[in-house]
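Here's the structure, in structure tokens; my notes come after.
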Amino acid sequence: MQNFVFQNPTKIIFGKGSINQISGEIPKEAKVLITYGGGSATRNGVLDEVKAALSGYDITEFGGIEPNPEYGTLMKAVALAREKKINFLLAVGGGSVIDGTKLMTAAIPFQDDPALLLENAGSAIVQSLPMGVVLTLPASGSEMNNRAIISRKAVMHKLAIMNPFLFPRFAVLDPTTTYTLPVRQTGNGVVDTFVHVLEQYMTYPVYGIVQDRLAEGLLYVLIEEGPKALIEPENYDVRANLMWCATIALNGLIGAGVPQDWAAHRIGYEITVLYGLDHAQTLAVLVPAMFKILENDKRQKLLQYAGRVWGINKGSETARIDAAIAKTRDFFEKMHVPTRLSDYGITDKCIPLIVEQLQAHGLVKLGEHQSVTPEVVEKILRLCL
Ligand code: NZQ
Ligand code: ZN
């Protein structure tokens, strides 16, 4: 196992009816900005529940944060927050609302151009306002981590920042808020969570048995419970397990002390920028192809995954790996997330464009061995068609 430091300060408040506990987490004299997305939280009553829990507070609202949150939209919220002298932010939504709000917490008190906060993966952030989360879409893990992914369409960029100042103070996880998720978002959430686990697992062995067994357990939960959520969207126990799974998958725990990959995520961001695919759709396309092309680099863990997660123990190494990749693809398809670029109307013309984007952003040596060069990306994309 590799050396590591693990600290996660986010308090989790989990369960049915727990939204009414948020007033215990926010000072009574706080000036609160509630942020949300395009309207789902209004339609399903979650926003009303949040406002009822905060009755008596000085509240301002900012809605309209779009999926893949746009820098320009977020800067409008920053201007409003400064005008209203906001000192606490509460994000009500999925990864996009949470990530966008995280950037606001750093940008509101920042004296210089907030665009500087996006440079060098967020290392310029030295302060932030406190924020809380009411999660409505289990997927990103953003509710309990220090990452934010921000889009700037004008310059064709979607980029990740990471900084300890971006941890939310608390996150409320009420599984009943996820009952209204459409099939597309339920599927996306399960696939994104699955790939978060794989990005921290499918590398090379370092005798991190605790991490491996935790990761395999989470994958198992997703395989067993994910399809049930499509059939029974209001099954509390299924939704509860998927919600907790998504949070644990990317809160730093399973990745501490083991090598990590993240190449699929980086390539996926460029596909979203260029073609507008949902984040999880990009991952469903990339992962099966990446595992095949990187079969030699990842051989030992692929075989471990085949055996322990899918029960594939017979046949040659190549046959077992191919079977595990096929099972992975089938699972994504079962969650209604298509796994070929052609399913989204994208042809081989995309290949040079995606490679160029990665090069423009300096992403030319990706993966746990930095072996995912532009030439390797080309091979991967060809297998995604
Ligand atoms: O905008 P509204 O109307 O609220 O609708 C949203 C949105 O259209 C809808 N939705 C959310 N909760 C709902 C609901 N619809 C019905 N009922 C509910 N309870 O779902 C749509 C997608 O929401 P979004 O927040 O974009 O989805 P997700 O949580 O998958 O977040 C995706 C973003 O997170 C980033 C992605 O790159 C992408 O920008 N990620 C963030 C990470 C992090 N901070 O650690 C890591 C991830 O790898 C990921 O990159
Ligand atoms: Zn992701």
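Going through the structure tokens in order, the chains are called A, B, and so on, while each chain numbers its residues from 1 and the ligands are numbered from 1 in the order shown.
Near Gln357 (chain A), within a cut-off of 12 Å and counting only C-alpha atoms, sit the residues A:Val155, A:Met156, A:His157, A:Lys158, A:Leu159, A:Arg266, A:Ile267, A:Gly268, A:Tyr269, A:Glu270, A:Ile271, A:Thr272, A:Val273, A:Leu274, A:Cys350, A:Ile351, A:Pro352, A:Leu353, A:Ile354, A:Val355, A:Gln359, A:Ala360, A:His361, A:Gly362, A:Leu363, A:Val364, A:Pro374, A:Val377, with same-chain residues fewer than 2 positions away left out.
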Create the file for the chosen residues now, containing N, CA and C atoms and written as a PDB file, in the first residue's frame.
```
ATOM      1  N   VAL A 155     -14.390  29.025 -24.679  1.00  0.00           N
ATOM      2  CA  VAL A 155     -13.015  28.627 -25.008  1.00  0.00           C
ATOM      3  C   VAL A 155     -12.906  27.098 -25.132  1.00  0.00           C
ATOM      4  N   MET A 156     -14.071  26.436 -25.294  1.00  0.00           N
ATOM      5  CA  MET A 156     -14.116  24.985 -25.498  1.00  0.00           C
ATOM      6  C   MET A 156     -13.333  24.232 -24.421  1.00  0.00           C
ATOM      7  N   HIS A 157     -13.624  24.531 -23.181  1.00  0.00           N
ATOM      8  CA  HIS A 157     -12.871  23.898 -22.104  1.00  0.00           C
ATOM      9  C   HIS A 157     -13.802  23.432 -20.993  1.00  0.00           C
ATOM     10  N   LYS A 158     -13.587  22.220 -20.506  1.00  0.00           N
ATOM     11  CA  LYS A 158     -14.251  21.712 -19.302  1.00  0.00           C
ATOM     12  C   LYS A 158     -13.129  21.196 -18.424  1.00  0.00           C
ATOM     13  N   LEU A 159     -12.961  21.785 -17.258  1.00  0.00           N
ATOM     14  CA  LEU A 159     -11.773  21.436 -16.487  1.00  0.00           C
ATOM     15  C   LEU A 159     -12.071  21.179 -15.027  1.00  0.00           C
ATOM     16  N   ARG A 266     -10.744  12.488 -18.184  1.00  0.00           N
ATOM     17  CA  ARG A 266     -10.137  13.614 -18.916  1.00  0.00           C
ATOM     18  C   ARG A 266     -10.550  13.595 -20.401  1.00  0.00           C
ATOM     19  N   ILE A 267     -10.528  12.431 -21.013  1.00  0.00           N
ATOM     20  CA  ILE A 267     -10.912  12.343 -22.435  1.00  0.00           C
ATOM     21  C   ILE A 267     -12.414  12.638 -22.554  1.00  0.00           C
ATOM     22  N   GLY A 268     -13.165  12.142 -21.594  1.00  0.00           N
ATOM     23  CA  GLY A 268     -14.618  12.348 -21.594  1.00  0.00           C
ATOM     24  C   GLY A 268     -15.002  13.823 -21.534  1.00  0.00           C
ATOM     25  N   TYR A 269     -14.269  14.607 -20.772  1.00  0.00           N
ATOM     26  CA  TYR A 269     -14.587  16.053 -20.697  1.00  0.00           C
ATOM     27  C   TYR A 269     -14.512  16.677 -22.087  1.00  0.00           C
ATOM     28  N   GLU A 270     -13.519  16.249 -22.877  1.00  0.00           N
ATOM     29  CA  GLU A 270     -13.369  16.835 -24.230  1.00  0.00           C
ATOM     30  C   GLU A 270     -14.540  16.407 -25.124  1.00  0.00           C
ATOM     31  N   ILE A 271     -15.018  15.183 -24.944  1.00  0.00           N
ATOM     32  CA  ILE A 271     -16.163  14.721 -25.752  1.00  0.00           C
ATOM     33  C   ILE A 271     -17.414  15.527 -25.379  1.00  0.00           C
ATOM     34  N   THR A 272     -17.579  15.811 -24.092  1.00  0.00           N
ATOM     35  CA  THR A 272     -18.723  16.640 -23.678  1.00  0.00           C
ATOM     36  C   THR A 272     -18.626  18.040 -24.274  1.00  0.00           C
ATOM     37  N   VAL A 273     -17.438  18.619 -24.217  1.00  0.00           N
ATOM     38  CA  VAL A 273     -17.273  19.979 -24.758  1.00  0.00           C
ATOM     39  C   VAL A 273     -17.592  20.009 -26.259  1.00  0.00           C
ATOM     40  N   LEU A 274     -17.085  18.990 -26.980  1.00  0.00           N
ATOM     41  CA  LEU A 274     -17.240  19.011 -28.440  1.00  0.00           C
ATOM     42  C   LEU A 274     -18.631  18.575 -28.894  1.00  0.00           C
ATOM     43  N   CYS A 350     -14.420  12.607 -35.354  1.00  0.00           N
ATOM     44  CA  CYS A 350     -14.208  13.174 -34.005  1.00  0.00           C
ATOM     45  C   CYS A 350     -12.773  12.969 -33.527  1.00  0.00           C
ATOM     46  N   ILE A 351     -12.103  11.949 -34.083  1.00  0.00           N
ATOM     47  CA  ILE A 351     -10.841  11.514 -33.465  1.00  0.00           C
ATOM     48  C   ILE A 351      -9.779  12.625 -33.443  1.00  0.00           C
ATOM     49  N   PRO A 352      -9.465  13.246 -34.613  1.00  0.00           N
ATOM     50  CA  PRO A 352      -8.445  14.297 -34.548  1.00  0.00           C
ATOM     51  C   PRO A 352      -8.876  15.490 -33.686  1.00  0.00           C
ATOM     52  N   LEU A 353     -10.188  15.753 -33.650  1.00  0.00           N
ATOM     53  CA  LEU A 353     -10.668  16.913 -32.874  1.00  0.00           C
ATOM     54  C   LEU A 353     -10.469  16.682 -31.373  1.00  0.00           C
ATOM     55  N   ILE A 354     -10.779  15.466 -30.926  1.00  0.00           N
ATOM     56  CA  ILE A 354     -10.629  15.160 -29.496  1.00  0.00           C
ATOM     57  C   ILE A 354      -9.142  15.179 -29.114  1.00  0.00           C
ATOM     58  N   VAL A 355      -8.324  14.593 -29.981  1.00  0.00           N
ATOM     59  CA  VAL A 355      -6.876  14.561 -29.712  1.00  0.00           C
ATOM     60  C   VAL A 355      -6.315  15.988 -29.646  1.00  0.00           C
ATOM     61  N   GLN A 359      -4.449  17.884 -26.521  1.00  0.00           N
ATOM     62  CA  GLN A 359      -3.115  18.487 -26.666  1.00  0.00           C
ATOM     63  C   GLN A 359      -3.152  19.961 -26.271  1.00  0.00           C
ATOM     64  N   ALA A 360      -4.214  20.638 -26.691  1.00  0.00           N
ATOM     65  CA  ALA A 360      -4.324  22.069 -26.366  1.00  0.00           C
ATOM     66  C   ALA A 360      -4.380  22.275 -24.847  1.00  0.00           C
ATOM     67  N   HIS A 361      -4.899  21.282 -24.140  1.00  0.00           N
ATOM     68  CA  HIS A 361      -5.006  21.414 -22.685  1.00  0.00           C
ATOM     69  C   HIS A 361      -3.856  20.725 -21.953  1.00  0.00           C
ATOM     70  N   GLY A 362      -2.830  20.343 -22.706  1.00  0.00           N
ATOM     71  CA  GLY A 362      -1.634  19.756 -22.096  1.00  0.00           C
ATOM     72  C   GLY A 362      -1.850  18.353 -21.560  1.00  0.00           C
ATOM     73  N   LEU A 363      -2.929  17.685 -22.006  1.00  0.00           N
ATOM     74  CA  LEU A 363      -3.235  16.350 -21.474  1.00  0.00           C
ATOM     75  C   LEU A 363      -2.712  15.282 -22.437  1.00  0.00           C
ATOM     76  N   VAL A 364      -1.390  15.112 -22.459  1.00  0.00           N
ATOM     77  CA  VAL A 364      -0.774  14.224 -23.451  1.00  0.00           C
ATOM     78  C   VAL A 364      -0.142  12.979 -22.842  1.00  0.00           C
ATOM     79  N   PRO A 374      -1.279  10.826 -27.134  1.00  0.00           N
ATOM     80  CA  PRO A 374      -2.235  11.080 -28.219  1.00  0.00           C
ATOM     81  C   PRO A 374      -2.401   9.876 -29.151  1.00  0.00           C
ATOM     82  N   VAL A 377      -4.695   7.471 -27.420  1.00  0.00           N
ATOM     83  CA  VAL A 377      -6.069   8.004 -27.410  1.00  0.00           C
ATOM     84  C   VAL A 377      -6.732   7.721 -28.759  1.00  0.00           C
TER      85      VAL A 377
END
```
Check which residues of chain A sit at most 8 Å from ligand 1 using only C-alpha atoms and all ligand atoms, and return one row each with the closest pair of atoms and their distance in Å to one decimal, ordered by chain and rising number, as a Markdown table.
```
| residue | atom | partner | partner_atom_place_in_ligand_line | distance |
| --- | --- | --- | --- | --- |
| A:Tyr36 | CA | ligand 1 | 4 (O) | 6.3 |
| A:Gly37 | CA | ligand 1 | 1 (O) | 3.6 |
| A:Gly38 | CA | ligand 1 | 3 (O) | 3.4 |
| A:Gly39 | CA | ligand 1 | 3 (O) | 3.9 |
| A:Ser40 | CA | ligand 1 | 3 (O) | 3.8 |
| A:Ala41 | CA | ligand 1 | 4 (O) | 5.6 |
| A:Asn44 | CA | ligand 1 | 17 (N) | 6.9 |
| A:Gly64 | CA | ligand 1 | 1 (O) | 6.9 |
| A:Ile65 | CA | ligand 1 | 1 (O) | 6.6 |
| A:Glu66 | CA | ligand 1 | 1 (O) | 5.7 |
| A:Pro67 | CA | ligand 1 | 26 (O) | 3.5 |
| A:Asn68 | CA | ligand 1 | 39 (O) | 3.6 |
| A:Pro69 | CA | ligand 1 | 39 (O) | 6.1 |
| A:Gly93 | CA | ligand 1 | 12 (N) | 5.3 |
| A:Gly94 | CA | ligand 1 | 25 (O) | 3.4 |
| A:Gly95 | CA | ligand 1 | 31 (O) | 3.4 |
| A:Ser96 | CA | ligand 1 | 25 (O) | 3.8 |
| A:Val97 | CA | ligand 1 | 25 (O) | 5.6 |
| A:Ile98 | CA | ligand 1 | 44 (N) | 7.3 |
| A:Asp99 | CA | ligand 1 | 44 (N) | 5.4 |
| A:Leu135 | CA | ligand 1 | 12 (N) | 7.7 |
| A:Thr136 | CA | ligand 1 | 19 (N) | 4.3 |
| A:Leu137 | CA | ligand 1 | 12 (N) | 4.6 |
| A:Pro138 | CA | ligand 1 | 29 (O) | 6.2 |
| A:Ala139 | CA | ligand 1 | 29 (O) | 5.0 |
| A:Ser140 | CA | ligand 1 | 47 (C) | 4.2 |
| A:Gly141 | CA | ligand 1 | 45 (O) | 5.3 |
| A:Ser142 | CA | ligand 1 | 44 (N) | 3.9 |
| A:Glu143 | CA | ligand 1 | 44 (N) | 7.6 |
| A:Asn145 | CA | ligand 1 | 45 (O) | 6.2 |
| A:Asn146 | CA | ligand 1 | 45 (O) | 7.0 |
| A:Arg147 | CA | ligand 1 | 44 (N) | 4.4 |
| A:Ala148 | CA | ligand 1 | 44 (N) | 4.1 |
| A:Ile149 | CA | ligand 1 | 41 (C) | 5.4 |
| A:Ile150 | CA | ligand 1 | 39 (O) | 6.6 |
| A:Ser151 | CA | ligand 1 | 39 (O) | 7.5 |
| A:Lys158 | CA | ligand 1 | 37 (O) | 7.9 |
| A:Ala160 | CA | ligand 1 | 50 (O) | 7.7 |
| A:Thr177 | CA | ligand 1 | 19 (N) | 5.2 |
| A:Thr178 | CA | ligand 1 | 19 (N) | 4.3 |
| A:Tyr179 | CA | ligand 1 | 19 (N) | 6.5 |
| A:Thr180 | CA | ligand 1 | 17 (N) | 4.2 |
| A:Leu181 | CA | ligand 1 | 17 (N) | 3.8 |
| A:Pro182 | CA | ligand 1 | 16 (C) | 6.0 |
| A:Gln185 | CA | ligand 1 | 20 (O) | 5.7 |
| A:Asn188 | CA | ligand 1 | 30 (O) | 6.4 |
| A:Gly189 | CA | ligand 1 | 30 (O) | 5.8 |
| A:Asp192 | CA | ligand 1 | 48 (O) | 6.6 |
| A:His196 | CA | ligand 1 | 48 (O) | 6.7 |
| A:Leu250 | CA | ligand 1 | 45 (O) | 6.8 |
| A:His265 | CA | ligand 1 | 48 (O) | 6.5 |
| A:Tyr269 | CA | ligand 1 | 37 (O) | 6.8 |
| A:Asp278 | CA | ligand 1 | 38 (C) | 7.5 |
| A:His279 | CA | ligand 1 | 37 (O) | 5.3 |
| A:Ala280 | CA | ligand 1 | 30 (O) | 7.0 |
```
**Message:** Need the shell around Gly24 (chain A): protein/DNA/RNA residues with any atom at most 12 Å away, counting only C-alpha atoms. Skip same-chain ones fewer than 5 positions apart. Format as a ChimeraX atom specification?
**Reply:** /A:13,18-19,53-54,132,170,172
Can I get the selection written as an mmCIF file, in the first residue's frame, with C-alpha atoms?
```cif
data_model
loop_
_atom_site.group_PDB
_atom_site.id
_atom_site.type_symbol
_atom_site.label_atom_id
_atom_site.label_comp_id
_atom_site.auth_asym_id
_atom_site.auth_seq_id
_atom_site.Cartn_x
_atom_site.Cartn_y
_atom_site.Cartn_z
ATOM 1 C CA ILE A 13 -26.851 13.748 7.324
ATOM 2 C CA SER A 18 -33.455 14.777 7.056
ATOM 3 C CA ILE A 19 -33.782 18.024 5.087
ATOM 4 C CA ALA A 53 -36.570 24.181 6.874
ATOM 5 C CA LEU A 54 -34.933 27.622 6.674
ATOM 6 C CA GLY A 132 -23.889 22.973 2.453
ATOM 7 C CA PHE A 170 -22.336 19.265 5.341
ATOM 8 C CA VAL A 172 -28.008 16.095 3.350
#
```
**Prompt:** Which residues come within 12 Å of Arg169 (chain A), counting only C-alpha atoms, excluding same-chain residues fewer than 4 positions away, as a PyMOL selection string?
**Reply:** chain A and resi 8-13+22+25-26+88-91+102+105+128-134+143-146+164-165
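Ranking A:Ala30, A:Phe62, A:Ala256, A:Pro175 by their shortest atom-to-atom distance to Val46 (chain A), with only C-alpha atoms included, puts A:Pro175 first.
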**Request:** Can you check which residues of region 208-258 of chain A DSSP gives as helix (DSSP H, G or I) on the backbone and send them as a ChimeraX atom specification?
**Result:** /A:209-231,236-249
With C-alpha atoms retained, could you export that selection as a PDB file, in the first residue's frame?
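As a result, out39.pdb now contains:
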```
ATOM      1  CA  ILE A 209      -6.408  -5.182  -0.052  1.00  0.00           C
ATOM      2  CA  VAL A 210      -8.671  -2.912   1.997  1.00  0.00           C
ATOM      3  CA  GLN A 211      -9.094  -0.573  -0.964  1.00  0.00           C
ATOM      4  CA  ASP A 212      -9.599  -3.431  -3.442  1.00  0.00           C
ATOM      5  CA  ARG A 213     -12.245  -5.189  -1.371  1.00  0.00           C
ATOM      6  CA  LEU A 214     -14.075  -1.913  -0.702  1.00  0.00           C
ATOM      7  CA  ALA A 215     -14.024  -1.092  -4.422  1.00  0.00           C
ATOM      8  CA  GLU A 216     -15.238  -4.549  -5.431  1.00  0.00           C
ATOM      9  CA  GLY A 217     -18.020  -4.289  -2.847  1.00  0.00           C
ATOM     10  CA  LEU A 218     -19.205  -0.980  -4.261  1.00  0.00           C
ATOM     11  CA  LEU A 219     -19.148  -2.372  -7.825  1.00  0.00           C
ATOM     12  CA  TYR A 220     -21.224  -5.305  -6.646  1.00  0.00           C
ATOM     13  CA  VAL A 221     -23.799  -3.000  -5.045  1.00  0.00           C
ATOM     14  CA  LEU A 222     -24.147  -1.067  -8.300  1.00  0.00           C
ATOM     15  CA  ILE A 223     -24.526  -4.214 -10.405  1.00  0.00           C
ATOM     16  CA  GLU A 224     -27.196  -5.620  -8.091  1.00  0.00           C
ATOM     17  CA  GLU A 225     -29.121  -2.477  -7.132  1.00  0.00           C
ATOM     18  CA  GLY A 226     -28.698  -0.238 -10.200  1.00  0.00           C
ATOM     19  CA  PRO A 227     -31.148  -2.095 -12.489  1.00  0.00           C
ATOM     20  CA  LYS A 228     -33.707  -2.285  -9.650  1.00  0.00           C
ATOM     21  CA  ALA A 229     -33.879   1.516  -9.517  1.00  0.00           C
ATOM     22  CA  LEU A 230     -34.996   1.554 -13.156  1.00  0.00           C
ATOM     23  CA  ILE A 231     -37.873  -0.817 -12.421  1.00  0.00           C
ATOM     24  CA  TYR A 236     -36.395   3.547  -0.731  1.00  0.00           C
ATOM     25  CA  ASP A 237     -33.847   0.869   0.112  1.00  0.00           C
ATOM     26  CA  VAL A 238     -32.549   0.678  -3.449  1.00  0.00           C
ATOM     27  CA  ARG A 239     -32.278   4.473  -3.741  1.00  0.00           C
ATOM     28  CA  ALA A 240     -30.635   4.699  -0.301  1.00  0.00           C
ATOM     29  CA  ASN A 241     -27.935   2.203  -1.197  1.00  0.00           C
ATOM     30  CA  LEU A 242     -27.223   3.831  -4.565  1.00  0.00           C
ATOM     31  CA  MET A 243     -26.975   7.243  -2.899  1.00  0.00           C
ATOM     32  CA  TRP A 244     -24.534   6.151  -0.201  1.00  0.00           C
ATOM     33  CA  CYS A 245     -22.554   4.163  -2.784  1.00  0.00           C
ATOM     34  CA  ALA A 246     -22.059   7.227  -5.001  1.00  0.00           C
ATOM     35  CA  THR A 247     -20.849   9.299  -2.067  1.00  0.00           C
ATOM     36  CA  ILE A 248     -18.374   6.700  -0.788  1.00  0.00           C
ATOM     37  CA  ALA A 249     -17.086   6.028  -4.312  1.00  0.00           C
TER      38      ALA A 249
END
```
**Request:** Extract, using only C-alpha atoms, all DNA, RNA and protein residues at most 6 Å from region 74-86 of chain A, discarding same-chain residues fewer than 4 positions from it, and format them as a list in words.
**Result:** Lys31, Val32, Met104 and Ile108 of chain A
Now that the selection is made, can you save its residues with N, CA and C atoms as a short mmCIF file (atom, residue, chain, number, x, y, z; two decimals), in the first residue's frame?
```cif
data_model
loop_
_atom_site.label_atom_id
_atom_site.label_comp_id
_atom_site.auth_asym_id
_atom_site.auth_seq_id
_atom_site.Cartn_x
_atom_site.Cartn_y
_atom_site.Cartn_z
N LYS A 31 -26.58 34.96 5.98
CA LYS A 31 -27.29 35.38 4.76
C LYS A 31 -27.04 34.27 3.75
N VAL A 32 -28.11 33.53 3.43
CA VAL A 32 -27.95 32.27 2.69
C VAL A 32 -28.32 32.43 1.21
N MET A 104 -18.33 29.24 -6.74
CA MET A 104 -18.82 30.52 -6.17
C MET A 104 -18.23 30.78 -4.79
N ILE A 108 -16.51 34.42 -4.65
CA ILE A 108 -17.17 35.57 -4.00
C ILE A 108 -16.17 36.41 -3.19
#
```
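Taking only C-alpha atoms and all ligand atoms into account, ligand 2 lies nearest to A:Thr282 out of the set A:Asn296, A:Thr373, A:Ser123, A:Thr282.
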**Request:** Find the residue from A:Glu199, A:Asp322, A:Glu356, A:Glu375 that sits nearest to ligand 2; use only C-alpha atoms and all ligand atoms when measuring.
**Result:** A:Glu199
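Between CA of Val5 (chain A) and CA of Gly257 (chain A) the interatomic distance comes to 8.4 Å.
Residues surrounding Thr347 (chain A) within 12 Å are Tyr275, Arg340, Leu341, Ser342, Asp343, Tyr344, Gly345, Lys349, Cys350, Ile351, Pro352, Leu353, Ile354, Leu381, Arg382, Leu383, Cys384 and Leu385 of chain A [only C-alpha atoms; sequence separation below 2 positions excluded].
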**Message:** Using only C-alpha atoms, can you tell me which of A:Arg320, A:Lys153, A:Pro27, A:Gly56 comes closest to Glu70 (chain A)?
**Reply:** A:Lys153
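Nearest residue to ligand 2, choosing from A:Gln200, A:Asn87, A:Thr60, A:Gln2 and counting only C-alpha atoms and all ligand atoms: A:Gln200.
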**Request:** Could you give me, as number ranges by chain, each residue of region 99-326 of chain A that DSSP assigns to strand (DSSP E) when run on this structure's backbone?
**Result:** A: 131-135, 147-152, 157-162, 170-173
**Prompt:** Do you have the CA of Val183 (chain A)-CA of Phe331 (chain A) distance handy?
**Reply:** 14.5 Å
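Going from CA of Thr186 (chain A) over to CA of Pro233 (chain A), you cover 8.8 Å.
With distances taken over only C-alpha atoms and all ligand atoms, A:Ala263 is the one residue among A:Ala263, A:Val126, A:Leu47, A:Ile254 lying closest to ligand 2.
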